Amino acid sequence: MNAISAPSFTAEYQRTVVDALRAVLPERSVLFDEEDTRPYECDGLAAYSRLPMVVVLPESEEQVIAALKVCNALQVKIVPRGAGTGLSGGAMPIADGVVLSTARMNRILSMDLYSRTAVVQPGVRNLAISEAVAPLGLYYAPDPSSQIACSIGGNVAENSGGVHCLKYGLTVHNVMRVRMVTIEGDVVELGGTALDAPGLDLLAVFIGSEGMLGVVTEVTVKLIPKPQQARVILASFDDVARGGDAVAKVIAAGIIPAGLEMMDKTSSRMVEPFVKAGYDIDAEALLLCESDGIPEEVDEEIARMIAVLEASGATAISVSRDEAERLKFWSGRKNAFPAAGRISPDYYCIDGTIPRRALAEVLLGIQKMEEKYGLRCANVFHAGDGNLHPLILFDANIADEFHRAELFGAEILEMCVAVGGTITGEHGVGLEKINQMCVQFSRAEMDVFFGVKAAFDPPRLLNPDKAIPTLQRCAEYGKMHVRRGMLKFPDLPRF
Ligand SMILES: Cc1cc2nc3c(=O)[nH]c(=O)nc-3n(C[C@H](O)[C@H](O)[C@H](O)COP(=O)(O)OP(=O)(O)OC[C@H]3O[C@@H](n4cnc5c(N)ncnc54)[C@H](O)[C@@H]3O)c2cc1C
């Protein structure tokens with residue numbers, strides 16, 4: 001795998017940075033011994049790891065400001081970090097840089113029943129928000145499968161999604177206001193407490209910016225009433241393509257399910273012995289279609305979805321009879337990633353989005369790639385959003401397997417672009433998909449991205465080298481035209 005741990009800084013330089021940070025932060029908040037910094041060497045994309053020079057754990061916005069000012073003055077690079085569950089390497093450290101973790105800023109500051117909002121610090125876990133407001137009959141809709149652990153700051157930085165985002169929207173649709181600190185230590189508020197805010201929609205620019213524009217210190221989230229009832233259909237298909245077509249037909253029928261997820265046979269067989277969700281392990285594809293609302297609405301929508309699924313060739317259909325059975329049906333889907341560990345030493349989770357009409361074509365394309373790369377792939381994903389999550393199974397101890405997994409993943413992402421989709425649905429670009437950015441976007445578009453970055457972070461110290469590839473990188477990847485050693489666009493900035 002890709003462990004890059006040789007330090008590229010001198011002990012004297014490290015001492016200078018540590019002393020400057022300790023002058024403004026409590027001693028317990030500045031870590032630099034290897035045994036303390038080791039837990040921060042990677043995020044959820046554990047295939048890549050690197051020790052940071054220093055880790056800081058500010059406990060307040062004032063401490064974030066102080067840490068950023070020190071780093072800016074010393075020109076030290078900073079990688080913001082939440083819970084470290086990201087799957088694209090966004091929180092992967094820089095060897096001579098500082099990791100700034102917001103894990104200790106984990107308080108819910110206020111809840112307002114009348115405006116149905118909550119103000120939270122960035123380190124608050126996604127699920128903790130819904131748990132805290134449950135007595136008010138409310139919840140926070142975006143529900144990444146990692147919601148037990150991931151932080152709202154990380155969700156904002158990645159514009160995270162989840163099962164319920166098909167109906168209720170992504171993070172960007174459920175956050176009203178973000179307070180953040182720039183590299184210069186200035187506090188900026190984006191958005192507001194009203195439904196719209198004056199000026200340019202910089203909140204939308206910031207959400208999904210992967211820690212490259214500023215450090216989130218406070219988030220105002222929207223809360224919505226818990227539906228009176230939710231029921232889920234579990235449908236089997238004897239053909240992956242038919243399952244994919246059924247997804248498109250449910251949406252085409254004018255139904256927006258509260259969740260519409262798909263699992264292939266490899267996924268159901270890997271998860272069923274683990275959680276015993278009651279899945280049909282002989283089916284080539286399973287669909288989970290949820291309806292929520294008032295009971296009459298749910299009954300009607302479930303009946304309509306069953307009609308579409310039957311007409312699409314479903315071979316078996318069950319509907320949850322009570323809340324316990326609903327949770328049981330979902331437990332397989334929610335535990336699919338951990339279950340992969342039961343059948344493979346390692347897995348590599350890809351995240352690309354495609355138009356729903358291309359689902360069958362892309363799933364069949366992935367099957368062909370399994371043969372080409374000699375690796376198995378389990379597909380479990382947000383089918384209603386067209387957001388694929390192929391899990392490529394490999395064993396890092398077998399020479400070349402990880403390399404083949406990387407090539408397999410890159411080909412899937414490039415197929416997503418070819419059918420009119422994108423290289424990420426919710427996990428972000430980070431380090432992982434930086435080459436595929438060269439496939440997705442033109443150089444002119446990427447220069448606009450660099451322009452936005454330079455406007456927020458002129459010295460380019462915040463999470464540099466992530467998400468936006470340099471001209472040289474695209475050239476190395478074979479996606480930028482280089483002739484007789486000359487770049488096609490020599491006048492463009494070479495960050
Ligand atoms: C098992 C599993 C299932 C998952 N399922 C989903 C899913 O269904 N949907 C989904 O969208 N994602 C999913 N993820 C990915 C991940 O959980 C999300 O991307 C999540 O939002 C990351 O949050 P985090 O707090 O762990 O952030 P981190 O991983 O720590 O950081 C992620 C990015 O956010 C930046 N960042 C973090 N905190 C801040 C801050 N305060 N200010 C500025 N930038 C910051 C970092 O620099 C980095 O670029 C899953 C991950 C796992 C391991």
# chains A, B, ... in the order shown; residues from 1 in each chain; ligands from 1
>>> residues_near_ligand(ligand="ligand 1", cutoff="8 Å", atoms="only C-alpha atoms and all ligand atoms", output="VMD selection string")
chain A and resid 43 to 44 79 to 92 101 to 102 122 to 123 125 143 to 147 149 to 163 180 209 to 217 335 337 to 338 425 to 428 430 463
>>> residues_around(residues="range 369-381 of chain A", least_positions_apart="6", cutoff="7 Å", atoms="only C-alpha atoms", output="PyMOL selection string")
chain A and resi 261-264+266-267+387-394+404+408
>>> write_last_selection(atoms="C-alpha atoms", output="PDB file, in the first residue's frame")
ATOM      1  CA  GLU A 261     -31.053   1.572  -2.689  1.00  0.00           C
ATOM      2  CA  MET A 262     -29.701  -1.387  -4.619  1.00  0.00           C
ATOM      3  CA  MET A 263     -27.448  -4.302  -3.696  1.00  0.00           C
ATOM      4  CA  ASP A 264     -26.090  -6.945  -6.043  1.00  0.00           C
ATOM      5  CA  THR A 266     -22.119 -10.357  -4.076  1.00  0.00           C
ATOM      6  CA  SER A 267     -23.237  -7.705  -1.551  1.00  0.00           C
ATOM      7  CA  ASN A 387     -24.769   7.245  -6.946  1.00  0.00           C
ATOM      8  CA  LEU A 388     -22.691   4.077  -7.299  1.00  0.00           C
ATOM      9  CA  HIS A 389     -20.498   2.601  -4.564  1.00  0.00           C
ATOM     10  CA  PRO A 390     -18.643  -0.331  -6.103  1.00  0.00           C
ATOM     11  CA  LEU A 391     -16.562  -2.071  -3.419  1.00  0.00           C
ATOM     12  CA  ILE A 392     -13.525  -3.567  -5.137  1.00  0.00           C
ATOM     13  CA  LEU A 393     -12.280  -6.502  -3.063  1.00  0.00           C
ATOM     14  CA  PHE A 394      -8.543  -7.137  -2.918  1.00  0.00           C
ATOM     15  CA  ARG A 404      -5.095  -3.477 -10.057  1.00  0.00           C
ATOM     16  CA  PHE A 408     -10.221  -0.858 -11.792  1.00  0.00           C
TER      17      PHE A 408
END
>>> select_by_dssp(residues="range 227-335 of chain A", states="strand (DSSP E)", output="PyMOL selection string")
chain A and resi 229-237+259-264+285-293+316-319
>>> closest_atom_pairs(of="range 126-185 of chain A", to="range 62-68 of chain A", cutoff="7 Å", atoms="only C-alpha atoms", output="Markdown table")
| residue | atom | partner | partner_atom | distance |
| --- | --- | --- | --- | --- |
| A:Val181 | CA | A:Ile65 | CA | 6.5 |
| A:Ile183 | CA | A:Leu68 | CA | 5.6 |
| A:Glu184 | CA | A:Leu68 | CA | 6.8 |
| A:Gly185 | CA | A:Ile65 | CA | 4.7 |
>>> write_last_selection(atoms="C-alpha atoms", output="PDB file, in the first residue's frame")
ATOM      1  CA  VAL A 181     -12.225  30.867   9.788  1.00  0.00           C
ATOM      2  CA  ILE A 183      -6.276  31.165   6.719  1.00  0.00           C
ATOM      3  CA  GLU A 184      -5.681  34.774   7.851  1.00  0.00           C
ATOM      4  CA  GLY A 185      -7.741  34.116  10.976  1.00  0.00           C
TER       5      GLY A 185
END
>>> closest_residue(among="A:Ala314, A:Met270, A:Asn72, A:Asp385", to="Lys167 in chain A", atoms="only C-alpha atoms")
A:Asp385
>>> residues_around(residues="range 410-416 of chain A", least_positions_apart="2", cutoff="7 Å", atoms="only C-alpha atoms", output="PyMOL selection string")
chain A and resi 352-354+366+406-408+418-423+436
>>> select_by_dssp(residues="range 284-359 of chain A", states="helix (DSSP H, G or I)", output="compact mmCIF listing (two decimals) with N, CA and C atoms, in the first residue's frame")
# COMPACT_ATOMS: atom_id res chain seq x y z
N PRO A 295 -49.70 7.76 7.44
CA PRO A 295 -49.96 6.37 7.06
C PRO A 295 -50.69 6.21 5.73
N GLU A 296 -51.68 7.06 5.46
CA GLU A 296 -52.46 6.91 4.22
C GLU A 296 -51.55 7.14 3.00
N GLU A 297 -50.69 8.15 3.13
CA GLU A 297 -49.75 8.49 2.04
C GLU A 297 -48.79 7.32 1.80
N VAL A 298 -48.31 6.76 2.89
CA VAL A 298 -47.34 5.65 2.79
C VAL A 298 -48.02 4.44 2.13
N ASP A 299 -49.25 4.12 2.56
CA ASP A 299 -49.95 2.96 1.98
C ASP A 299 -50.08 3.14 0.47
N GLU A 300 -50.47 4.35 0.08
CA GLU A 300 -50.71 4.58 -1.35
C GLU A 300 -49.40 4.49 -2.14
N GLU A 301 -48.34 5.08 -1.59
CA GLU A 301 -47.06 5.08 -2.32
C GLU A 301 -46.47 3.67 -2.40
N ILE A 302 -46.61 2.93 -1.32
CA ILE A 302 -46.10 1.55 -1.33
C ILE A 302 -46.83 0.74 -2.41
N ALA A 303 -48.15 0.92 -2.51
CA ALA A 303 -48.92 0.18 -3.52
C ALA A 303 -48.46 0.56 -4.92
N ARG A 304 -48.22 1.85 -5.13
CA ARG A 304 -47.77 2.30 -6.47
C ARG A 304 -46.39 1.73 -6.79
N MET A 305 -45.51 1.72 -5.77
CA MET A 305 -44.15 1.21 -6.03
C MET A 305 -44.19 -0.29 -6.32
N ILE A 306 -45.03 -1.02 -5.59
CA ILE A 306 -45.14 -2.46 -5.83
C ILE A 306 -45.58 -2.71 -7.28
N ALA A 307 -46.55 -1.92 -7.73
CA ALA A 307 -47.05 -2.11 -9.11
C ALA A 307 -45.91 -1.90 -10.11
N VAL A 308 -45.11 -0.85 -9.90
CA VAL A 308 -44.00 -0.58 -10.84
C VAL A 308 -42.96 -1.70 -10.76
N LEU A 309 -42.65 -2.16 -9.56
CA LEU A 309 -41.62 -3.20 -9.40
C LEU A 309 -42.08 -4.50 -10.04
N GLU A 310 -43.37 -4.84 -9.84
CA GLU A 310 -43.88 -6.09 -10.45
C GLU A 310 -43.82 -5.98 -11.97
N ALA A 311 -44.24 -4.82 -12.47
CA ALA A 311 -44.22 -4.65 -13.93
C ALA A 311 -42.79 -4.65 -14.47
N GLU A 323 -41.85 -1.38 12.57
CA GLU A 323 -40.59 -0.63 12.61
C GLU A 323 -39.39 -1.58 12.78
N ALA A 324 -39.59 -2.64 13.58
CA ALA A 324 -38.47 -3.57 13.81
C ALA A 324 -38.08 -4.25 12.48
N GLU A 325 -39.09 -4.61 11.70
CA GLU A 325 -38.77 -5.28 10.43
C GLU A 325 -38.16 -4.28 9.44
N ARG A 326 -38.63 -3.04 9.47
CA ARG A 326 -38.04 -2.02 8.60
C ARG A 326 -36.54 -1.87 8.89
N LEU A 327 -36.22 -1.77 10.18
CA LEU A 327 -34.81 -1.61 10.56
C LEU A 327 -34.00 -2.85 10.19
N LYS A 328 -34.65 -4.01 10.29
CA LYS A 328 -33.95 -5.26 9.93
C LYS A 328 -33.61 -5.25 8.42
N PHE A 329 -34.58 -4.85 7.60
CA PHE A 329 -34.31 -4.80 6.15
C PHE A 329 -33.16 -3.83 5.86
N TRP A 330 -33.15 -2.69 6.56
CA TRP A 330 -32.09 -1.70 6.31
C TRP A 330 -30.75 -2.13 6.88
N SER A 331 -30.77 -2.98 7.90
CA SER A 331 -29.51 -3.29 8.59
C SER A 331 -28.48 -3.90 7.63
N GLY A 332 -28.95 -4.67 6.64
CA GLY A 332 -28.01 -5.25 5.68
C GLY A 332 -27.34 -4.18 4.86
N ARG A 333 -28.14 -3.24 4.36
CA ARG A 333 -27.59 -2.16 3.54
C ARG A 333 -26.61 -1.31 4.36
N LYS A 334 -27.03 -0.98 5.59
CA LYS A 334 -26.21 -0.09 6.42
C LYS A 334 -24.89 -0.76 6.85
N ALA A 336 -23.19 -3.00 4.99
CA ALA A 336 -22.52 -3.64 3.84
C ALA A 336 -21.01 -3.40 3.84
N PHE A 337 -20.59 -2.16 4.18
CA PHE A 337 -19.14 -1.89 4.12
C PHE A 337 -18.39 -2.75 5.15
N PRO A 338 -18.82 -2.71 6.43
CA PRO A 338 -18.09 -3.57 7.38
C PRO A 338 -18.15 -5.04 7.00
N ALA A 339 -19.28 -5.48 6.40
CA ALA A 339 -19.40 -6.90 6.04
C ALA A 339 -18.38 -7.31 4.98
N ALA A 340 -17.94 -6.34 4.18
CA ALA A 340 -16.94 -6.66 3.14
C ALA A 340 -15.69 -7.26 3.78
N GLY A 341 -15.41 -6.84 5.01
CA GLY A 341 -14.23 -7.35 5.71
C GLY A 341 -14.33 -8.84 6.02
N ARG A 342 -15.54 -9.39 5.94
CA ARG A 342 -15.70 -10.84 6.21
C ARG A 342 -15.26 -11.69 5.02
N ILE A 343 -15.32 -11.11 3.82
CA ILE A 343 -14.99 -11.95 2.67
C ILE A 343 -13.72 -11.50 1.96
N ARG A 356 -29.64 7.88 -14.06
CA ARG A 356 -30.29 6.60 -13.70
C ARG A 356 -30.50 5.70 -14.90
N ARG A 357 -30.75 6.31 -16.08
CA ARG A 357 -31.00 5.47 -17.25
C ARG A 357 -29.78 4.60 -17.61
N ALA A 358 -28.59 4.98 -17.12
CA ALA A 358 -27.37 4.24 -17.49
C ALA A 358 -27.01 3.16 -16.45
N LEU A 359 -27.87 2.98 -15.43
CA LEU A 359 -27.52 2.04 -14.35
C LEU A 359 -27.18 0.65 -14.86
>>> residues_around(residues="Pro464 in chain A", least_positions_apart="4", cutoff="9 Å", atoms="only C-alpha atoms", output="JSON, numbers by chain")
{"A": [77, 78, 79, 94, 212, 460, 468]}
>>> residues_around(residues="Val54 in chain A", least_positions_apart="5", cutoff="10 Å", atoms="only C-alpha atoms", output="ChimeraX atom specification")
/A:14-15,17-18,21,30-34,36-37,40,78,93-100
>>> residues_around(residues="Leu234 in chain A", least_positions_apart="3", cutoff="8 Å", atoms="only C-alpha atoms", output="ChimeraX atom specification")
/A:286-289,317-320,329
>>> write_last_selection(atoms="C-alpha atoms", output="compact mmCIF listing (two decimals), in the first residue's frame")
# COMPACT_ATOMS: atom_id res chain seq x y z
CA LEU A 286 -32.14 -6.45 -4.38
CA LEU A 287 -33.92 -3.11 -4.18
CA LEU A 288 -34.89 -1.35 -0.96
CA CYS A 289 -37.61 1.25 -1.61
CA ILE A 317 -41.49 -8.61 -2.89
CA SER A 318 -41.78 -8.18 0.89
CA VAL A 319 -42.97 -5.09 2.74
CA SER A 320 -41.89 -4.32 6.31
CA PHE A 329 -34.31 -4.80 6.15
>>> closest_residue(among="A:Gly191, A:Phe456, A:Glu432, A:Val362", to="Val417 in chain A", atoms="only C-alpha atoms")
A:Val362
>>> closest_residue(among="A:Leu136, A:Leu202, A:Ala103, A:Leu170", to="Pro225 in chain A", atoms="only C-alpha atoms")
A:Leu136
>>> atom_distance(atom1="CA of Leu461 in chain A", atom2="CA of Gln75 in chain A")
7.1 Å
>>> closest_residue(among="A:Val240, A:Ala399, A:Val178, A:Ile148", to="Leu127 in chain A", atoms="only C-alpha atoms")
A:Ile148
>>> atom_distance(atom1="CA of Met111 in chain A", atom2="CA of Met176 in chain A")
13.7 Å
